[in-house]
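Shown next: query.txt, given as compact mmCIF, C-alpha atoms and all ligand atoms.
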```
# COMPACT_ATOMS: atom_id res chain seq x y z
CA MET A 1 0.00 0.00 0.00
CA ALA A 2 1.27 3.48 -0.81
CA ASP A 3 2.32 5.63 2.14
CA LYS A 4 -0.51 8.04 1.39
CA ASP A 5 -3.16 5.31 1.54
CA LYS A 6 -1.66 3.88 4.72
CA LEU A 7 -1.77 7.35 6.33
CA LEU A 8 -5.43 7.76 5.35
CA GLU A 9 -6.29 4.34 6.73
CA LEU A 10 -4.57 4.99 10.08
CA ARG A 11 -6.18 8.41 10.38
CA GLU A 12 -9.60 6.88 9.69
CA ALA A 13 -8.91 4.41 12.54
CA ILE A 14 -8.04 7.32 14.86
CA ASP A 15 -11.21 9.20 13.85
CA GLN A 16 -13.22 6.08 14.63
CA ILE A 17 -11.61 5.81 18.10
CA ASP A 18 -12.28 9.49 18.81
CA ARG A 19 -15.96 9.00 17.95
CA GLN A 20 -16.10 6.13 20.45
CA ILE A 21 -14.24 8.08 23.15
CA VAL A 22 -16.58 11.07 22.85
CA ARG A 23 -19.68 8.82 22.89
CA LEU A 24 -18.36 6.97 25.95
CA LEU A 25 -17.51 10.22 27.73
CA GLY A 26 -21.13 11.31 27.26
CA GLU A 27 -22.36 7.98 28.61
CA ARG A 28 -20.04 8.26 31.60
CA PHE A 29 -21.32 11.78 32.31
CA SER A 30 -24.97 10.57 32.18
CA LEU A 31 -24.23 7.66 34.53
CA ALA A 32 -22.55 10.05 36.99
CA ARG A 33 -25.67 12.24 36.84
CA ARG A 34 -27.89 9.23 37.70
CA ILE A 35 -25.57 8.32 40.59
CA GLY A 36 -25.89 11.96 41.71
CA GLU A 37 -29.70 11.64 41.87
CA ILE A 38 -29.42 8.55 44.08
CA LYS A 39 -26.91 10.34 46.31
CA ARG A 40 -29.26 13.31 46.65
CA GLN A 41 -32.19 11.08 47.63
CA SER A 42 -30.10 9.39 50.29
CA ALA A 43 -28.44 12.69 51.38
CA ARG A 44 -24.97 11.38 50.50
CA ALA A 45 -22.14 13.72 49.54
CA ALA A 46 -21.59 13.97 45.78
CA LEU A 47 -17.80 14.07 46.06
CA ASP A 48 -16.41 10.63 46.87
CA LEU A 49 -12.61 10.79 46.93
CA SER A 50 -12.11 7.17 48.00
CA ARG A 51 -14.12 5.94 44.98
CA GLU A 52 -12.11 8.27 42.74
CA LYS A 53 -8.87 6.90 44.11
CA GLU A 54 -10.03 3.31 43.44
CA ILE A 55 -10.93 4.25 39.87
CA LEU A 56 -7.59 5.95 39.23
CA SER A 57 -5.52 3.04 40.48
CA ARG A 58 -7.63 0.59 38.42
CA ILE A 59 -7.13 2.75 35.31
CA ILE A 60 -3.38 2.74 35.82
CA ASP A 61 -3.40 -1.06 36.17
CA LEU A 62 -5.48 -1.38 33.00
CA ASN A 63 -2.96 0.63 31.00
CA ALA A 64 -0.78 -1.70 28.99
CA GLY A 65 2.09 0.76 29.29
CA VAL A 66 1.89 2.30 25.82
CA PHE A 67 0.14 5.47 26.93
CA PRO A 68 2.33 7.60 29.27
CA GLU A 69 1.09 7.11 32.84
CA GLU A 70 1.28 10.77 33.98
CA SER A 71 -0.81 11.86 30.99
CA LEU A 72 -3.34 9.09 31.64
CA LYS A 73 -3.66 10.27 35.24
CA ALA A 74 -4.13 13.90 34.15
CA ILE A 75 -6.74 13.02 31.51
CA TYR A 76 -8.66 10.73 33.84
CA GLY A 77 -8.45 13.27 36.64
CA GLU A 78 -10.14 15.80 34.36
CA ILE A 79 -12.80 13.28 33.25
CA ILE A 80 -13.68 12.52 36.86
CA ASN A 81 -13.66 16.22 37.78
CA THR A 82 -16.09 16.89 34.96
CA CYS A 83 -18.35 13.99 35.93
CA ARG A 84 -18.52 15.42 39.47
CA THR A 85 -20.14 18.53 38.02
CA ALA A 86 -22.91 16.36 36.55
CA GLN A 87 -23.97 15.65 40.13
CA GLN A 88 -23.56 18.96 41.85
CA PRO A 89 -22.53 22.40 40.73
CA MET A 90 -18.96 22.60 42.02
CA LYS A 91 -18.72 26.20 43.17
CA VAL A 92 -15.26 26.73 44.58
CA ALA A 93 -14.18 29.90 46.41
CA TYR A 94 -10.48 30.75 46.49
CA LEU A 95 -8.16 33.52 47.57
CA GLY A 96 -8.14 35.69 44.45
CA PRO A 97 -7.81 37.50 42.19
CA GLU A 98 -7.66 35.19 39.19
CA ALA A 99 -4.34 33.39 38.67
CA THR A 100 -3.11 33.36 42.28
CA PHE A 101 -1.40 30.17 43.46
CA SER A 102 -4.66 29.43 45.36
CA HIS A 103 -6.36 29.45 41.96
CA VAL A 104 -3.71 27.03 40.63
CA ALA A 105 -4.35 24.77 43.66
CA ALA A 106 -8.12 24.94 43.11
CA ILE A 107 -7.77 23.97 39.45
CA ASN A 108 -5.42 21.10 40.39
CA PHE A 109 -8.00 19.72 42.82
CA PHE A 110 -11.28 20.44 41.02
CA GLY A 111 -10.26 20.52 37.33
CA GLN A 112 -11.31 23.03 34.69
CA ALA A 113 -15.03 22.24 34.86
CA ALA A 114 -15.71 23.72 38.31
CA ASP A 115 -17.09 27.20 38.80
CA PHE A 116 -14.33 29.23 40.53
CA VAL A 117 -15.10 32.29 42.66
CA PRO A 118 -12.15 34.61 43.47
CA LEU A 119 -12.43 36.39 46.85
CA GLU A 120 -10.34 39.07 48.50
CA ALA A 121 -9.50 37.56 51.87
CA ILE A 122 -9.06 34.15 53.49
CA MET A 123 -11.94 34.94 55.87
CA ASP A 124 -14.21 35.60 52.86
CA VAL A 125 -13.45 32.09 51.56
CA PHE A 126 -14.49 30.55 54.91
CA GLU A 127 -17.59 32.79 54.99
CA GLU A 128 -18.67 31.80 51.48
CA VAL A 129 -18.43 28.08 52.26
CA GLU A 130 -20.11 28.34 55.65
CA SER A 131 -23.03 30.27 54.13
CA GLY A 132 -23.42 27.53 51.47
CA ARG A 133 -22.95 29.97 48.57
CA CYS A 134 -19.93 27.85 47.57
CA GLN A 135 -19.61 24.11 48.28
CA PHE A 136 -15.86 24.27 48.71
CA GLY A 137 -13.04 26.71 49.37
CA VAL A 138 -9.28 26.65 48.77
CA VAL A 139 -6.92 28.50 51.11
CA PRO A 140 -3.13 28.51 51.59
CA VAL A 141 -1.96 27.09 54.92
CA GLU A 142 1.81 26.76 54.78
CA ASN A 143 4.76 27.68 52.56
CA SER A 144 8.00 25.72 52.66
CA ILE A 145 10.09 28.91 52.91
CA GLU A 146 7.85 31.47 54.62
CA GLY A 147 6.07 29.11 57.04
CA THR A 148 2.47 29.14 58.25
CA VAL A 149 -0.33 31.28 56.88
CA THR A 150 -1.65 32.27 60.28
CA SER A 151 -4.94 33.78 59.09
CA THR A 152 -6.00 30.36 57.75
CA LEU A 153 -5.30 28.60 61.05
CA ASP A 154 -7.10 31.35 62.97
CA ALA A 155 -10.16 31.09 60.71
CA PHE A 156 -10.61 27.44 61.69
CA SER A 157 -11.36 28.42 65.25
CA GLU A 158 -14.04 30.85 64.07
CA TYR A 159 -15.87 28.76 61.47
CA ARG A 160 -17.29 25.25 61.80
CA LEU A 161 -15.89 23.87 58.57
CA LYS A 162 -14.09 20.65 57.74
CA ILE A 163 -10.95 19.97 55.73
CA CYS A 164 -11.73 17.86 52.65
CA GLY A 165 -8.31 17.71 51.05
CA GLU A 166 -4.84 19.17 50.70
CA VAL A 167 -2.94 20.25 47.58
CA TYR A 168 0.76 20.98 47.27
CA VAL A 169 1.65 23.51 44.57
CA PRO A 170 5.24 24.18 43.49
CA VAL A 171 5.74 27.93 43.63
CA ALA A 172 7.55 28.87 40.43
CA HIS A 173 7.97 32.58 39.83
CA ASP A 174 8.13 34.08 36.35
CA LEU A 175 9.03 37.65 35.42
CA ILE A 176 6.28 38.83 33.07
CA ASN A 177 5.40 42.04 31.21
CA GLN A 178 3.61 43.18 28.07
CA THR A 179 6.50 42.69 25.62
CA GLY A 180 8.67 39.94 27.07
CA ARG A 181 11.68 42.33 26.75
CA ILE A 182 13.83 43.00 29.79
CA GLU A 183 14.84 46.48 28.44
CA ASP A 184 11.25 47.75 28.86
CA ILE A 185 11.20 47.19 32.62
CA ARG A 186 11.26 50.34 34.80
CA LYS A 187 9.79 48.76 37.94
CA VAL A 188 9.22 45.22 39.28
CA ILE A 189 6.09 44.61 41.32
CA SER A 190 4.99 41.58 43.34
CA HIS A 191 3.87 40.19 46.68
CA PRO A 192 6.60 40.76 49.32
CA HIS A 193 7.17 36.97 49.61
CA ALA A 194 7.75 36.66 45.87
CA LEU A 195 10.11 39.66 45.82
CA ALA A 196 12.04 38.15 48.73
CA GLN A 197 12.25 34.78 46.99
CA CYS A 198 13.73 36.32 43.81
CA ARG A 199 16.04 38.85 45.47
CA ARG A 200 19.31 37.41 44.16
CA TRP A 201 18.04 37.05 40.58
CA LEU A 202 16.81 40.66 40.61
CA ARG A 203 20.11 41.95 42.00
CA LYS A 204 22.02 40.14 39.27
CA HIS A 205 19.79 40.90 36.25
CA LEU A 206 17.99 44.14 37.15
CA PRO A 207 20.30 45.82 39.69
CA SER A 208 19.09 49.39 39.16
CA VAL A 209 15.38 48.71 38.73
CA PRO A 210 13.24 49.55 41.81
CA THR A 211 10.76 47.08 43.28
CA GLU A 212 7.33 47.70 44.78
CA GLU A 213 5.05 45.52 46.89
CA ALA A 214 1.58 44.40 45.81
CA SER A 215 -1.05 42.53 47.82
CA SER A 216 -0.71 39.41 45.64
CA THR A 217 1.29 38.18 42.66
CA ALA A 218 -1.91 38.23 40.60
CA TYR A 219 -2.60 41.91 41.43
CA ALA A 220 0.95 42.66 40.31
CA ALA A 221 0.24 40.91 36.99
CA ARG A 222 -2.95 42.94 36.57
CA TRP A 223 -0.91 46.06 37.08
CA ALA A 224 1.65 44.99 34.46
CA ALA A 225 -1.23 44.39 32.05
CA VAL A 226 -2.12 48.10 32.08
CA ASP A 227 1.38 49.61 32.36
CA PRO A 228 4.10 48.66 29.83
CA SER A 229 6.90 49.93 32.09
CA ILE A 230 6.02 47.43 34.84
CA ALA A 231 7.01 43.79 35.15
CA ALA A 232 5.36 41.46 37.66
CA ILE A 233 6.70 38.40 39.41
CA ALA A 234 3.85 35.92 39.21
CA SER A 235 2.77 32.42 38.15
CA SER A 236 2.71 31.24 34.53
CA LEU A 237 -1.10 31.05 34.96
CA ALA A 238 -1.03 34.82 35.64
CA ALA A 239 0.89 35.41 32.39
CA LYS A 240 -1.77 33.44 30.50
CA THR A 241 -4.72 35.02 32.32
CA TYR A 242 -3.57 38.60 31.85
CA HIS A 243 -2.10 38.10 28.35
CA LEU A 244 1.47 38.89 29.36
CA GLN A 245 4.79 37.64 27.99
CA THR A 246 7.49 35.84 29.90
CA VAL A 247 10.76 37.77 30.28
CA ALA A 248 12.34 34.97 32.36
CA ALA A 249 10.86 31.80 33.85
CA HIS A 250 11.71 30.25 37.23
CA ILE A 251 13.56 33.23 38.67
CA GLU A 252 13.17 32.04 42.28
CA ASP A 253 16.48 31.83 44.17
CA PHE A 254 15.66 28.48 45.79
CA ARG A 255 14.11 25.53 44.01
CA GLY A 256 11.64 23.30 45.81
CA ASN A 257 9.54 26.20 47.09
CA THR A 258 6.11 24.68 47.69
CA THR A 259 2.85 25.86 49.22
CA ARG A 260 0.36 23.57 50.91
CA PHE A 261 -3.31 24.48 50.39
CA LEU A 262 -6.38 23.14 52.18
CA VAL A 263 -9.71 22.38 50.57
CA ILE A 264 -12.50 23.26 52.99
CA GLY A 265 -16.15 22.22 52.93
CA LYS A 266 -19.02 21.07 55.12
CA GLU A 267 -17.88 17.46 55.52
CA SER A 268 -14.75 15.35 55.29
CA PRO A 269 -14.37 12.47 52.82
CA ARG A 270 -14.42 8.75 53.69
CA PRO A 271 -11.11 6.92 54.26
CA THR A 272 -8.99 6.27 51.17
CA GLY A 273 -6.23 4.26 52.85
CA ARG A 274 -3.72 7.15 52.84
CA ASP A 275 -5.22 9.92 54.90
CA LYS A 276 -4.33 12.68 57.31
CA THR A 277 -6.33 13.97 60.29
CA SER A 278 -6.19 17.55 61.60
CA LEU A 279 -7.10 18.58 65.14
CA ILE A 280 -7.19 21.72 67.29
CA ILE A 281 -6.59 21.27 71.00
CA SER A 282 -6.09 23.45 74.04
CA LEU A 283 -4.23 22.33 77.10
CA ALA A 284 -4.59 22.56 80.85
CA ASP A 285 -2.03 24.95 82.35
CA LYS A 286 0.12 22.35 84.13
CA PRO A 287 3.52 20.65 83.76
CA GLY A 288 3.69 17.92 81.14
CA ALA A 289 0.29 18.78 79.61
CA LEU A 290 1.52 18.71 76.00
CA PHE A 291 3.57 15.57 76.62
CA ALA A 292 0.51 13.80 78.08
CA THR A 293 -1.73 14.74 75.15
CA LEU A 294 0.71 13.46 72.55
CA GLN A 295 1.53 10.19 74.28
CA PRO A 296 -1.60 8.34 73.03
CA PHE A 297 -0.32 8.77 69.45
CA ALA A 298 3.28 7.84 70.28
CA ARG A 299 2.12 4.64 72.01
CA ARG A 300 0.07 3.60 69.00
CA GLY A 301 2.81 4.40 66.47
CA ILE A 302 0.70 7.15 64.89
CA ASN A 303 2.92 9.61 63.03
CA MET A 304 2.42 13.30 63.85
CA THR A 305 3.33 15.35 60.75
CA LYS A 306 2.80 18.83 62.17
CA ILE A 307 2.24 20.73 65.40
CA GLU A 308 1.84 24.47 65.54
CA SER A 309 0.69 26.81 68.30
CA ARG A 310 -1.42 29.94 67.87
CA PRO A 311 -2.41 32.47 70.53
CA VAL A 312 -6.04 32.42 71.69
CA LYS A 313 -7.52 35.79 70.67
CA GLY A 314 -8.55 37.87 73.70
CA GLU A 315 -6.88 35.52 76.20
CA PRO A 316 -3.24 36.63 76.46
CA TRP A 317 -0.68 33.83 76.88
CA ARG A 318 -3.11 31.02 76.19
CA TYR A 319 -2.52 28.90 73.10
CA LEU A 320 -4.29 26.56 70.71
CA PHE A 321 -2.34 23.71 69.10
CA PHE A 322 -2.95 22.64 65.52
CA ILE A 323 -1.96 19.01 65.06
CA ASP A 324 -1.80 16.81 61.93
CA ILE A 325 -1.46 13.05 62.25
CA LEU A 326 -1.41 10.33 59.63
CA GLY A 327 -4.56 8.19 59.45
CA HIS A 328 -8.33 8.69 59.21
CA ILE A 329 -10.63 9.23 62.17
CA GLU A 330 -12.69 6.22 61.04
CA GLU A 331 -9.67 3.95 61.61
CA GLU A 332 -9.98 2.37 65.04
CA ILE A 333 -6.42 3.10 66.13
CA VAL A 334 -6.78 6.80 65.26
CA ARG A 335 -10.20 7.06 66.90
CA GLU A 336 -8.85 5.48 70.11
CA GLY A 337 -5.79 7.74 70.10
CA ILE A 338 -7.97 10.85 69.75
CA ASP A 339 -10.42 9.65 72.45
CA GLU A 340 -7.54 9.12 74.85
CA MET A 341 -6.00 12.46 73.91
CA SER A 342 -9.27 14.27 74.64
CA GLU A 343 -9.06 13.10 78.28
CA SER A 344 -5.94 15.19 78.86
CA CYS A 345 -6.85 18.40 77.02
CA THR A 346 -9.37 21.07 77.91
CA HIS A 347 -10.75 21.28 74.38
CA LEU A 348 -10.43 19.11 71.28
CA GLU A 349 -11.90 19.74 67.86
CA TRP A 350 -11.66 17.47 64.85
CA LEU A 351 -10.98 19.58 61.75
CA GLY A 352 -11.27 16.71 59.31
CA SER A 353 -9.70 13.58 57.81
CA TYR A 354 -8.74 13.75 54.15
CA PRO A 355 -6.46 12.13 51.55
CA VAL A 356 -2.74 12.95 51.82
CA GLY A 357 -1.84 15.24 48.92
CA ASP A 358 0.90 14.35 46.44
CA LEU A 359 4.14 16.26 46.92
CA PRO A 360 5.40 17.88 43.70
CA ARG A 361 8.20 15.91 42.07
C1 LIG B 401 -19.80 9.08 39.77
C2 LIG B 401 -19.61 9.24 41.07
O1 LIG B 401 -19.46 10.50 41.68
C3 LIG B 401 -18.30 11.30 41.66
C4 LIG B 401 -17.60 11.15 40.38
C5 LIG B 401 -16.79 10.06 40.17
C6 LIG B 401 -16.37 9.67 38.80
O2 LIG B 401 -16.56 10.44 37.88
O3 LIG B 401 -15.85 8.55 38.61
C7 LIG B 401 -16.36 9.29 41.27
C8 LIG B 401 -16.70 9.62 42.55
C9 LIG B 401 -17.48 10.84 42.86
O4 LIG B 401 -16.63 11.86 43.31
C10 LIG B 401 -19.60 8.08 41.99
O5 LIG B 401 -19.70 8.28 43.21
O6 LIG B 401 -19.49 6.95 41.52
```
Conversion result in structure tokens:
Amino acid sequence: MADKDKLLELREAIDQIDRQIVRLLGERFSLARRIGEIKRQSARAALDLSREKEILSRIIDLNAGVFPEESLKAIYGEIINTCRTAQQPMKVAYLGPEATFSHVAAINFFGQAADFVPLEAIMDVFEEVESGRCQFGVVPVENSIEGTVTSTLDAFSEYRLKICGEVYVPVAHDLINQTGRIEDIRKVISHPHALAQCRRWLRKHLPSVPTEEASSTAYAARWAAVDPSIAAIASSLAAKTYHLQTVAAHIEDFRGNTTRFLVIGKESPRPTGRDKTSLIISLADKPGALFATLQPFARRGINMTKIESRPVKGEPWRYLFFIDILGHIEEEIVREGIDEMSESCTHLEWLGSYPVGDLPR
């Protein structure tokens, strides 16, 4: 057969497969909608992360190895995210404006099909979810260089919301402006953290150009979009969103900079087999109080991944402790550990159990 005929034949086979894929995607979407109706009748949550995890690992096993695994995961992730929206409108509040790293985290967790609502402050995100105007919210909780985002921790003691998931986002900073030319830059604008994280690069490449602080990297990008003399340090999503060009990518002085985000909602997901549990406790004012509260986990071999103290507002020198442990509250060993812990603290609140997020590679 001539090359031309062979090409036509193979392309016809691909067209045929695409028709099947699109038909099957529609069928999958309709089935998800029917499942959604049953869930509604029985007042079950639409989002079922443990079922999603089962599906994803089965899909990876089914793959004969020809199709690259990371791409398969990404495609399937997006299919599942879209099928979720057949069951429930996924309205997701995040710390805006558009193209912040919170937005990147929200897209990573909920896919492109969700309805994203940018808000001005972390408190607003909690408010929007508590009021039910959004089903979920995404807020930053910790950066690997700058440490804890204290306003997020503080909001947990004011709102009765649960953690539904965590997302780790690599923080890569790009220098962006209208032309992509370094010669056009008269001022560099960004969030103080981003400026601090790119200090050495700026000193080397733009030594005489002044910098100015903005309330977020995305605001800085918005600014650059209306002023050709300004460059912003922001995410590549910000460059795309505000139609800017990249002068230089990855200008951060330290690689591996990562931010952990929390997904908040009204209820926590079921166990998936690899989960984390978050708690807030307060202690009696006596020697060994913290030691006594943590012992129930140590004895059971439960790994504590984080402990952080925050002052109690209006009660000087009293503290709340935020604790993360590995495991789900529905696992007996975790439940018992928490029950025993509650005997030695003055207050204990379960913030949620949720799947452990993947660390960026
Ligand atoms: C379809 C379902 O609902 C949602 C969508 C899923 C999917 O598209 O595979 C899986 C779990 C749920 O988050 C289901 O529960 O089976």
Open item on the list: With distances taken over all atoms listed in the file, which residue among A:Asn108, A:Tyr159, A:Pro89, A:Ile338 lies nearest A:Arg133?
Closed with: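 Selected residue with least distance to A:Arg133: A:Pro89.
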- [ ] Write out as a list in words each polymer residue whose atoms come within 12 Å of A:Arg51, counting all atoms listed in the file; drop sequence neighbours fewer than 2 positions from it.
- [x] Ala46, Leu47, Asp48, Leu49, Lys53, Glu54, Ile55, Leu56, Ser57, Arg58, Ile80, Arg84, Pro269, Arg270, Pro271, Thr272, Gly273 and Pro355 of chain A
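One finds atom CA of A:Asp358 at 21.3 Å from atom O1 of ligand LIG 401 (chain B).
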Open item on the list: Between atom CA of A:Asp124 and atom CA of A:Glu267, what distance in Å does the model show, to one decimal?
Closed with: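 Spanning atom CA of A:Asp124 to atom CA of A:Glu267 is a straight-line distance of 18.7 Å.
With all atoms listed in the file as the atoms that count, the minimum distance from ligand LIG 401 (chain B) to the choices A:Ile79, A:Leu72, A:Ala248, A:Gln20 is reached by A:Ile79.
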TODO: Can you work out which one of A:Pro140, A:Gly77, A:Gly96, A:Gly65 has the shortest atom-to-atom distance to ligand LIG 401 (chain B), counting only C-alpha atoms and all ligand atoms?
DONE: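 Of all the options, A:Gly77 lies closest to ligand LIG 401 (chain B).
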Open item on the list: List the spatial neighbours of A:Thr305 as a PyMOL selection string - criterion: any atom at most 12 Å away, all atoms listed in the file, same-chain residues fewer than 5 positions off excluded.
Closed with: chain A and resi 275-279+297+322-327+356
Task: One-decimal distance in Å that lies between atom CA of A:Arg28 and atom CA of A:Val167 - done: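 About the pair atom CA of A:Val167 and atom CA of A:Arg28: they are 26.3 Å apart.
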TODO: Name all residues at most 10 Å from A:Ala105 (count all atoms listed in the file; drop same-chain ones fewer than 5 positions away) and give them as an MDAnalysis selection string.
DONE: chainID A and resid 94 99:100 110:111 138:140 166:170 259:263
Keeping only C-alpha atoms, write the selected residues to a file as a compact mmCIF listing (two decimals), keeping the file's coordinate frame.
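again_22.txt, freshly written:
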```
# COMPACT_ATOMS: atom_id res chain seq x y z
CA TYR A 94 -10.48 30.75 46.49
CA ALA A 99 -4.34 33.39 38.67
CA THR A 100 -3.11 33.36 42.28
CA PHE A 110 -11.28 20.44 41.02
CA GLY A 111 -10.26 20.52 37.33
CA VAL A 138 -9.28 26.65 48.77
CA VAL A 139 -6.92 28.50 51.11
CA PRO A 140 -3.13 28.51 51.59
CA GLU A 166 -4.84 19.17 50.70
CA VAL A 167 -2.94 20.25 47.58
CA TYR A 168 0.76 20.98 47.27
CA VAL A 169 1.65 23.51 44.57
CA PRO A 170 5.24 24.18 43.49
CA THR A 259 2.85 25.86 49.22
CA ARG A 260 0.36 23.57 50.91
CA PHE A 261 -3.31 24.48 50.39
CA LEU A 262 -6.38 23.14 52.18
CA VAL A 263 -9.71 22.38 50.57
```
